[in-house]
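*Asks:* Take a look at the following structure, please.
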Amino acid sequence: MTVTRNDLVVRRGGAWFMGRCFPCVVGRGGVVAARAKREGDGATPAGVHRLTGMLYRADRLARPADWAVPIRPFDRWSDDPADPDYNLPVTAPHPFSSEAMRRPDPLYDLVILTDWNWPQAEPGRGSAIFVHRWRAAGRPTAGCIGLDPAHLRWIAARLRPWGRLVVLG
């Protein structure tokens with residue numbers, strides 16, 4: 001695998017991008033081989049993941065990149081393996097389990113989407129792996145990549161659509 005300076009590379013508590021290193025956190029289950037990833041395990045899958053989109057709270061942040069799309073009040077993400085729309089964006093009300101994208105806390109004020117188990121999701125392999133702000137330094141996520149909010153904004157402004165997130169085990 002060839003890694004470029006335009007890839008966001010995560011390994012051993014750091015995220016490297018454009019020649020800079022930023023502290024980051026991964027899932028509470030650590031980094032696991034992609035084939036071992038399961039819904040709800042709290043793990044971050046190793047591998048190369050394409051960036052598929054960027055969402056942001058327009059009521060809280062300026063647009064971070066020209067390809068970023070505002071999060072609307074009823075936007076959600078399906079995390080129910082029984083849902084025909086599993087691991088896809090959905091709108092509330094939704095009859096299956098789903099996660100609110102427009103949260104009262106700032107966790108998802110800026111979200112970079114990846115192609116983990118997407119677009120044809122395999123039920124139970126795990127829903128969305130996002131890059132978003134961390135709750136606190138050293139505090140793991142539910143499986144996503146977490147960054148300091150200022151670092152996340154710096155990276156988001158320089159990322160290109162269909163770039164890559166490379167998670168090394």
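Starting from 1 in every chain, residues are counted up; chains themselves are A, B, ... following the order of the structure tokens, and ligands are numbered from 1 as listed.
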Give me, as a PyMOL selection string, all polymer residues having an atom no more than 8 Å from stretch 146-163 of chain A, counting only C-alpha atoms and skipping those fewer than 6 positions away in the same chain.
*Replies:* chain A and resi 6-7+17+22-26+50-53+64-65+67+110+112+131-137+140
*Asks:* Pull C-alpha atoms from the residues just selected and write them as a PDB file, in the first residue's frame.
*Replies:*
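Output file again08.pdb follows:
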```
ATOM      1  CA  ASN A   6      -2.911  13.643   1.382  1.00  0.00           C
ATOM      2  CA  ASP A   7      -4.052  10.488   3.193  1.00  0.00           C
ATOM      3  CA  PHE A  17      -1.909  14.378   7.547  1.00  0.00           C
ATOM      4  CA  PHE A  22      -2.241  15.184  15.526  1.00  0.00           C
ATOM      5  CA  PRO A  23      -3.254  13.302  18.671  1.00  0.00           C
ATOM      6  CA  CYS A  24      -6.350  11.174  18.109  1.00  0.00           C
ATOM      7  CA  VAL A  25      -8.436   8.436  19.680  1.00  0.00           C
ATOM      8  CA  VAL A  26      -9.945   5.259  18.241  1.00  0.00           C
ATOM      9  CA  ARG A  50     -12.405   6.136   1.179  1.00  0.00           C
ATOM     10  CA  LEU A  51     -13.820   9.458   2.334  1.00  0.00           C
ATOM     11  CA  THR A  52     -17.362   9.694   1.027  1.00  0.00           C
ATOM     12  CA  GLY A  53     -18.687  12.932   2.468  1.00  0.00           C
ATOM     13  CA  PRO A  64     -15.379  23.710   6.603  1.00  0.00           C
ATOM     14  CA  ALA A  65     -14.854  22.761   2.943  1.00  0.00           C
ATOM     15  CA  TRP A  67     -17.892  19.787  -0.442  1.00  0.00           C
ATOM     16  CA  LEU A 110     -18.230  18.247  11.915  1.00  0.00           C
ATOM     17  CA  ILE A 112     -16.177  13.115   7.842  1.00  0.00           C
ATOM     18  CA  VAL A 131     -13.963  11.030  11.757  1.00  0.00           C
ATOM     19  CA  HIS A 132     -15.333  13.522  14.302  1.00  0.00           C
ATOM     20  CA  ARG A 133     -14.279  15.526  17.344  1.00  0.00           C
ATOM     21  CA  TRP A 134     -13.271  13.662  20.461  1.00  0.00           C
ATOM     22  CA  ARG A 135     -15.077  13.946  23.775  1.00  0.00           C
ATOM     23  CA  ALA A 136     -11.699  14.447  25.479  1.00  0.00           C
ATOM     24  CA  ALA A 137      -8.065  13.569  24.860  1.00  0.00           C
ATOM     25  CA  PRO A 140     -12.097   6.404  23.197  1.00  0.00           C
TER      26      PRO A 140
END
```
*Asks:* Identify, with DSSP run on backbone atoms, the residues in stretch 30-166 of chain A assigned to alpha helix (DSSP H), and express the list as a PyMOL selection string.
*Replies:* chain A and resi 149-158
*Asks:* Using the selection just defined, write its residues with C-alpha atoms as a PDB file, in the first residue's frame.
*Replies:*
```
ATOM      1  CA  PRO A 149     -11.937  20.042  17.342  1.00  0.00           C
ATOM      2  CA  ALA A 150      -9.373  22.609  16.158  1.00  0.00           C
ATOM      3  CA  HIS A 151      -7.271  19.886  14.523  1.00  0.00           C
ATOM      4  CA  LEU A 152     -10.367  18.356  12.917  1.00  0.00           C
ATOM      5  CA  ARG A 153     -11.298  21.714  11.364  1.00  0.00           C
ATOM      6  CA  TRP A 154      -7.724  22.204  10.082  1.00  0.00           C
ATOM      7  CA  ILE A 155      -7.729  18.753   8.485  1.00  0.00           C
ATOM      8  CA  ALA A 156     -11.276  19.093   7.080  1.00  0.00           C
ATOM      9  CA  ALA A 157     -10.368  22.346   5.326  1.00  0.00           C
ATOM     10  CA  ARG A 158      -7.567  20.542   3.466  1.00  0.00           C
TER      11      ARG A 158
END
```
*Asks:* Kindly indicate which residue among A:Ala34, A:Met101, A:Ile129, A:Asp41 lies nearest to A:Pro70, using only C-alpha atoms for the distances.
*Replies:*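 Nearest candidate to A:Pro70 out of A:Ala34, A:Met101, A:Ile129, A:Asp41: A:Met101.
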*Asks:* Find, counting only C-alpha atoms, the residue in A:Gly169, A:Val3, A:Lys37, A:Val111 that gets nearest to A:Arg63.
*Replies:*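 With only C-alpha atoms as the atom set, the closest residue is A:Val111.
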*Asks:* Write down as JSON, numbers by chain the residues belonging to stretch 37-84 of chain A that are assigned strand (DSSP E or B) by DSSP computed on the backbone.
*Replies:* {"A": [44, 45, 47, 48, 49, 50, 51, 52, 53, 54, 55, 56, 68, 69, 70, 75, 76, 77, 78]}
*Asks:* To one decimal place in Å, what is the distance between atom CA of A:Ser78 and atom CA of A:Arg12?
*Replies:*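 Separation between atom CA of A:Ser78 and atom CA of A:Arg12: 29.4 Å.
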*Asks:* If I take atom CA of A:Pro81 and atom CA of A:Gly124, how far is one from the other in Å, to one decimal?
*Replies:*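 We find that atom CA of A:Pro81 and atom CA of A:Gly124 lie 5.4 Å from each other.
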*Asks:* Please provide the set of residues having any atom within 10 Å of A:Glu99, restricted to only C-alpha atoms, with same-chain residues fewer than 4 positions apart removed, written as a list in words.
*Replies:*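 Answer for this query is Asp75, Arg76, Trp77, Ser78, Asp79, Asp80, Pro89, Val90, Ala92 and Arg103 of chain A.
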*Asks:* Pick out the closest residue to A:His94 from this set: A:Asp66, A:Trp118, A:Phe74, A:Arg20. Count only C-alpha atoms.
*Replies:*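 Under the stated criterion, the closest residue is A:Phe74.
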